[in-house]
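Worksheet: one structure, shown below.
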Amino acid sequence: MMKRTMLALTLLLCSTVIFAQEKNKKMNFEVDGKCEMCKKRIEKAALGVPGVKYALWDIPTHQLSLIVDERKTDPMKIKTALVTVGHDTKELKASDEAYASVHPCCKYREDDTDDSEKH
């Protein structure tokens with residue numbers, strides 16, 4: 001009887017864990033920025049959105065990789081948070097005021113060195 005109960009509990013736990021993971025979705029998109037300070041700002045802004053569980057911004061590729069709970073957020077909510085801290089996405093642009101608030105070395109719009117071939 002004890003073995004059967006333990007087996008039932010184990011199966012229940014495993015199915016609960018599998019079900020809980022289904023609400024999580026991986027996504028990524030491009031976010032403009034240049035440096036380690038941008039990386040910290042972008043990741044912090046993304047993680048500040050309810051439902052974002054993981055955020056990693058890659059400096060060379062400008063790709064923000066996320067794991068989100070789709071029931072709590074969507075890509076536009078995350079992109080809105082990013083433009084609020086001064087970083088453009090393909091769909092949304094940061095206001096001039098938000099962009100002006102980023103550190104001078106983070107000014108990616110005027111950059112004609114690193115990313116000039118990319119644009």
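Quick note on naming: the chains in the structure tokens go A, B, ... in the order shown, residues restart at 1 in each chain, and ligands are numbered from 1 in order of appearance.
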
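The shell of residues at most 10 Å from Val68 (chain A), with only C-alpha atoms counted and near chain neighbours (fewer than 3 positions) removed, consists of Lys23, Asn24, Lys25, Lys26, Met27, Ala46, Leu47, Val49, Pro50, Gly51, Val52, Lys53, Tyr54, Ala55, Ser65, Arg71, Lys72, Thr73, Asp74, Pro75 and Ile78 of chain A.
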
Store the residues picked out above, limited to all heavy atoms, as a compact mmCIF listing (two decimals), in the first residue's frame.
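The file below, again34.txt, is the result:
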```txt
# COMPACT_ATOMS: atom_id res chain seq x y z
N LYS A 23 3.18 26.76 -19.40
CA LYS A 23 2.81 28.16 -19.50
C LYS A 23 4.00 29.04 -19.86
O LYS A 23 3.85 30.17 -20.26
CB LYS A 23 2.21 28.64 -18.17
CG LYS A 23 3.23 28.66 -17.05
CD LYS A 23 2.61 28.99 -15.72
CE LYS A 23 3.69 28.98 -14.67
NZ LYS A 23 3.37 28.37 -13.46
N ASN A 24 5.21 28.49 -19.74
CA ASN A 24 6.41 29.25 -20.06
C ASN A 24 6.73 29.15 -21.54
O ASN A 24 6.63 28.09 -22.13
CB ASN A 24 7.61 28.73 -19.25
CG ASN A 24 7.44 29.00 -17.77
OD1 ASN A 24 6.70 29.88 -17.37
ND2 ASN A 24 8.12 28.22 -16.97
N LYS A 25 7.12 30.28 -22.11
CA LYS A 25 7.45 30.31 -23.53
C LYS A 25 8.78 31.03 -23.71
O LYS A 25 9.03 32.04 -23.08
CB LYS A 25 6.35 31.06 -24.29
CG LYS A 25 6.61 31.12 -25.77
CD LYS A 25 5.53 31.87 -26.51
CE LYS A 25 5.85 31.91 -28.00
NZ LYS A 25 4.93 32.75 -28.72
N LYS A 26 9.60 30.48 -24.60
CA LYS A 26 10.85 31.15 -24.96
C LYS A 26 10.54 32.10 -26.10
O LYS A 26 9.76 31.79 -26.98
CB LYS A 26 11.89 30.13 -25.42
CG LYS A 26 12.40 29.24 -24.33
CD LYS A 26 13.44 28.28 -24.87
CE LYS A 26 13.92 27.35 -23.78
NZ LYS A 26 14.92 26.40 -24.26
N MET A 27 11.18 33.26 -26.05
CA MET A 27 11.06 34.20 -27.16
C MET A 27 12.32 35.04 -27.21
O MET A 27 13.05 35.12 -26.22
CB MET A 27 9.81 35.09 -27.02
CG MET A 27 9.79 35.99 -25.83
SD MET A 27 8.36 37.11 -25.77
CE MET A 27 7.02 35.98 -25.58
N ALA A 46 13.44 44.26 -18.55
CA ALA A 46 12.66 43.09 -18.96
C ALA A 46 12.22 42.28 -17.74
O ALA A 46 11.05 41.88 -17.63
CB ALA A 46 13.47 42.21 -19.91
N LEU A 47 13.14 42.05 -16.81
CA LEU A 47 12.80 41.27 -15.62
C LEU A 47 11.81 42.00 -14.71
O LEU A 47 11.15 41.37 -13.89
CB LEU A 47 14.08 40.92 -14.84
CG LEU A 47 14.96 39.87 -15.52
CD1 LEU A 47 16.33 39.81 -14.86
CD2 LEU A 47 14.29 38.50 -15.50
N VAL A 49 9.11 43.31 -15.71
CA VAL A 49 7.77 43.09 -16.24
C VAL A 49 7.22 41.80 -15.61
O VAL A 49 7.85 40.75 -15.71
CB VAL A 49 7.80 42.95 -17.78
CG1 VAL A 49 6.41 42.63 -18.32
CG2 VAL A 49 8.35 44.23 -18.41
N PRO A 50 6.06 41.88 -14.95
CA PRO A 50 5.48 40.66 -14.36
C PRO A 50 5.30 39.58 -15.41
O PRO A 50 4.81 39.84 -16.51
CB PRO A 50 4.13 41.13 -13.82
CG PRO A 50 4.30 42.60 -13.60
CD PRO A 50 5.24 43.05 -14.69
N GLY A 51 5.76 38.38 -15.09
CA GLY A 51 5.66 37.26 -16.02
C GLY A 51 6.96 36.94 -16.73
O GLY A 51 7.10 35.88 -17.31
N VAL A 52 7.94 37.86 -16.69
CA VAL A 52 9.25 37.58 -17.28
C VAL A 52 10.08 36.84 -16.24
O VAL A 52 10.32 37.35 -15.15
CB VAL A 52 9.97 38.86 -17.74
CG1 VAL A 52 11.37 38.53 -18.26
CG2 VAL A 52 9.16 39.56 -18.82
N LYS A 53 10.50 35.63 -16.59
CA LYS A 53 11.22 34.78 -15.64
C LYS A 53 12.72 34.77 -15.91
O LYS A 53 13.50 34.47 -15.02
CB LYS A 53 10.68 33.36 -15.70
CG LYS A 53 9.21 33.32 -15.35
CD LYS A 53 8.67 31.93 -15.36
CE LYS A 53 7.22 31.99 -14.91
NZ LYS A 53 6.85 30.87 -14.12
N TYR A 54 13.12 35.06 -17.14
CA TYR A 54 14.53 35.01 -17.52
C TYR A 54 14.74 36.01 -18.64
O TYR A 54 13.92 36.11 -19.55
CB TYR A 54 14.85 33.59 -18.00
CG TYR A 54 16.22 33.42 -18.63
CD1 TYR A 54 17.33 33.16 -17.84
CD2 TYR A 54 16.39 33.51 -20.01
CE1 TYR A 54 18.59 32.99 -18.42
CE2 TYR A 54 17.64 33.35 -20.59
CZ TYR A 54 18.73 33.08 -19.79
OH TYR A 54 19.96 32.92 -20.35
N ALA A 55 15.84 36.76 -18.55
CA ALA A 55 16.18 37.71 -19.60
C ALA A 55 17.69 37.75 -19.75
O ALA A 55 18.41 37.92 -18.77
CB ALA A 55 15.65 39.10 -19.26
N SER A 65 16.98 37.35 -25.19
CA SER A 65 16.37 36.03 -25.04
C SER A 65 15.58 36.02 -23.74
O SER A 65 16.09 36.41 -22.69
CB SER A 65 17.44 34.94 -24.99
OG SER A 65 18.18 34.94 -26.18
N ARG A 71 0.65 33.79 -19.65
CA ARG A 71 -0.60 34.19 -19.01
C ARG A 71 -0.47 35.56 -18.36
O ARG A 71 -1.47 36.21 -18.06
CB ARG A 71 -1.01 33.17 -17.96
CG ARG A 71 -1.23 31.77 -18.55
CD ARG A 71 -1.44 30.74 -17.47
NE ARG A 71 -0.34 30.80 -16.51
CZ ARG A 71 -0.32 30.17 -15.34
NH1 ARG A 71 -1.33 29.41 -14.99
NH2 ARG A 71 0.71 30.26 -14.53
N LYS A 72 0.76 36.01 -18.12
CA LYS A 72 0.97 37.26 -17.39
C LYS A 72 1.51 38.40 -18.24
O LYS A 72 1.43 39.56 -17.84
CB LYS A 72 1.93 37.02 -16.22
CG LYS A 72 1.37 36.08 -15.18
CD LYS A 72 2.35 35.89 -14.05
CE LYS A 72 1.80 34.93 -13.01
NZ LYS A 72 2.77 34.68 -11.95
N THR A 73 2.10 38.10 -19.39
CA THR A 73 2.69 39.17 -20.19
C THR A 73 2.69 38.79 -21.67
O THR A 73 2.32 37.69 -22.04
CB THR A 73 4.12 39.51 -19.72
OG1 THR A 73 4.51 40.75 -20.32
CG2 THR A 73 5.12 38.42 -20.06
N ASP A 74 3.11 39.74 -22.49
CA ASP A 74 3.24 39.52 -23.93
C ASP A 74 4.40 40.38 -24.43
O ASP A 74 4.87 41.26 -23.72
CB ASP A 74 1.94 39.85 -24.66
CG ASP A 74 1.53 41.29 -24.51
OD1 ASP A 74 2.25 42.17 -25.04
OD2 ASP A 74 0.51 41.56 -23.86
N PRO A 75 4.88 40.13 -25.65
CA PRO A 75 6.05 40.86 -26.15
C PRO A 75 5.91 42.38 -26.13
O PRO A 75 6.88 43.08 -25.83
CB PRO A 75 6.21 40.35 -27.59
CG PRO A 75 5.58 39.01 -27.58
CD PRO A 75 4.45 39.09 -26.59
N ILE A 78 6.73 43.91 -22.77
CA ILE A 78 8.17 43.90 -22.52
C ILE A 78 8.84 45.00 -23.33
O ILE A 78 9.67 45.75 -22.81
CB ILE A 78 8.75 42.52 -22.86
CG1 ILE A 78 8.09 41.44 -22.00
CG2 ILE A 78 10.27 42.51 -22.67
CD1 ILE A 78 8.27 40.02 -22.50
```

Which residues of region 10-101 of chain A have any atom within 9 Å of an atom in region 105-110 of chain A when counting only C-alpha atoms, and what is the closest pair of atoms for each, with the distance in Å to one decimal? Order the rows by chain and rising number and write it as a Markdown table.
```
| residue | atom | partner | partner_atom | distance |
| --- | --- | --- | --- | --- |
| A:Asp32 | CA | A:Tyr108 | CA | 6.8 |
| A:Gly33 | CA | A:Tyr108 | CA | 5.6 |
| A:Lys34 | CA | A:Cys106 | CA | 5.8 |
| A:Cys35 | CA | A:Cys106 | CA | 6.5 |
| A:Met37 | CA | A:Cys106 | CA | 7.4 |
| A:Cys38 | CA | A:Cys106 | CA | 6.4 |
| A:His87 | CA | A:Tyr108 | CA | 8.8 |
| A:Tyr99 | CA | A:Lys107 | CA | 7.8 |
| A:Ala100 | CA | A:Lys107 | CA | 8.3 |
```

Take the residues that were just selected and, keeping N, CA and C atoms, output them as a PDB file, in the first residue's frame.
```
ATOM      1  N   ASP A  32      18.050  47.541 -29.394  1.00  0.00           N
ATOM      2  CA  ASP A  32      19.241  48.349 -29.659  1.00  0.00           C
ATOM      3  C   ASP A  32      19.954  48.706 -28.365  1.00  0.00           C
ATOM      4  N   GLY A  33      21.281  48.669 -28.430  1.00  0.00           N
ATOM      5  CA  GLY A  33      22.148  49.005 -27.308  1.00  0.00           C
ATOM      6  C   GLY A  33      23.576  48.734 -27.727  1.00  0.00           C
ATOM      7  N   LYS A  34      24.539  48.988 -26.809  1.00  0.00           N
ATOM      8  CA  LYS A  34      25.944  48.868 -27.199  1.00  0.00           C
ATOM      9  C   LYS A  34      26.842  48.153 -26.202  1.00  0.00           C
ATOM     10  N   CYS A  35      26.588  48.275 -24.917  1.00  0.00           N
ATOM     11  CA  CYS A  35      27.623  47.915 -23.957  1.00  0.00           C
ATOM     12  C   CYS A  35      27.080  47.153 -22.745  1.00  0.00           C
ATOM     13  N   MET A  37      26.651  48.301 -19.757  1.00  0.00           N
ATOM     14  CA  MET A  37      25.638  49.099 -19.046  1.00  0.00           C
ATOM     15  C   MET A  37      24.275  48.940 -19.715  1.00  0.00           C
ATOM     16  N   CYS A  38      24.254  48.910 -21.045  1.00  0.00           N
ATOM     17  CA  CYS A  38      22.999  48.683 -21.769  1.00  0.00           C
ATOM     18  C   CYS A  38      22.441  47.310 -21.394  1.00  0.00           C
ATOM     19  N   HIS A  87      15.722  52.170 -24.786  1.00  0.00           N
ATOM     20  CA  HIS A  87      16.228  51.234 -25.800  1.00  0.00           C
ATOM     21  C   HIS A  87      15.164  50.915 -26.835  1.00  0.00           C
ATOM     22  N   TYR A  99      15.629  58.283 -24.299  1.00  0.00           N
ATOM     23  CA  TYR A  99      16.924  58.021 -24.933  1.00  0.00           C
ATOM     24  C   TYR A  99      17.996  58.953 -24.361  1.00  0.00           C
ATOM     25  N   ALA A 100      17.627  60.191 -24.123  1.00  0.00           N
ATOM     26  CA  ALA A 100      18.585  61.168 -23.578  1.00  0.00           C
ATOM     27  C   ALA A 100      19.051  60.776 -22.175  1.00  0.00           C
TER      28      ALA A 100
END
```

Rounded to one decimal place, report the CA of Thr89 (chain A)-CA of Glu30 (chain A) distance in Å. 6.1 Å

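Going from CA of Glu36 (chain A) over to CA of Ala94 (chain A), you cover 19.0 Å.
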
Mind pulling up the distance from CA of Asp96 (chain A) to CA of Lys40 (chain A)?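 Between CA of Lys40 (chain A) and CA of Asp96 (chain A) the gap is 20.4 Å.
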
Please determine, counting only C-alpha atoms, which residue among A:Ala98, A:Val85, A:Thr80, A:Lys90 has the shortest atom-to-atom distance to Lys39 (chain A). A:Val85

Nearest candidate to Met76 (chain A) (options A:Arg4, A:Phe29, A:Pro104, A:Glu97; using only C-alpha atoms):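 Among the listed residues, the smallest separation from Met76 (chain A) belongs to A:Phe29.
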
Picked from region 1-109 of chain A by DSSP as strand (DSSP E), as a list of chain:residue names: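 The strand (DSSP E) residues within region 1-109 of chain A come out as A:Asn24, A:Lys25, A:Lys26, A:Met27, A:Asn28, A:Phe29, A:Glu30, A:Val52, A:Lys53, A:Tyr54, A:Ala55, A:Leu56, A:Trp57, A:Gln63, A:Leu64, A:Ser65, A:Leu66, A:Ile67, A:Val68, A:Asp69.
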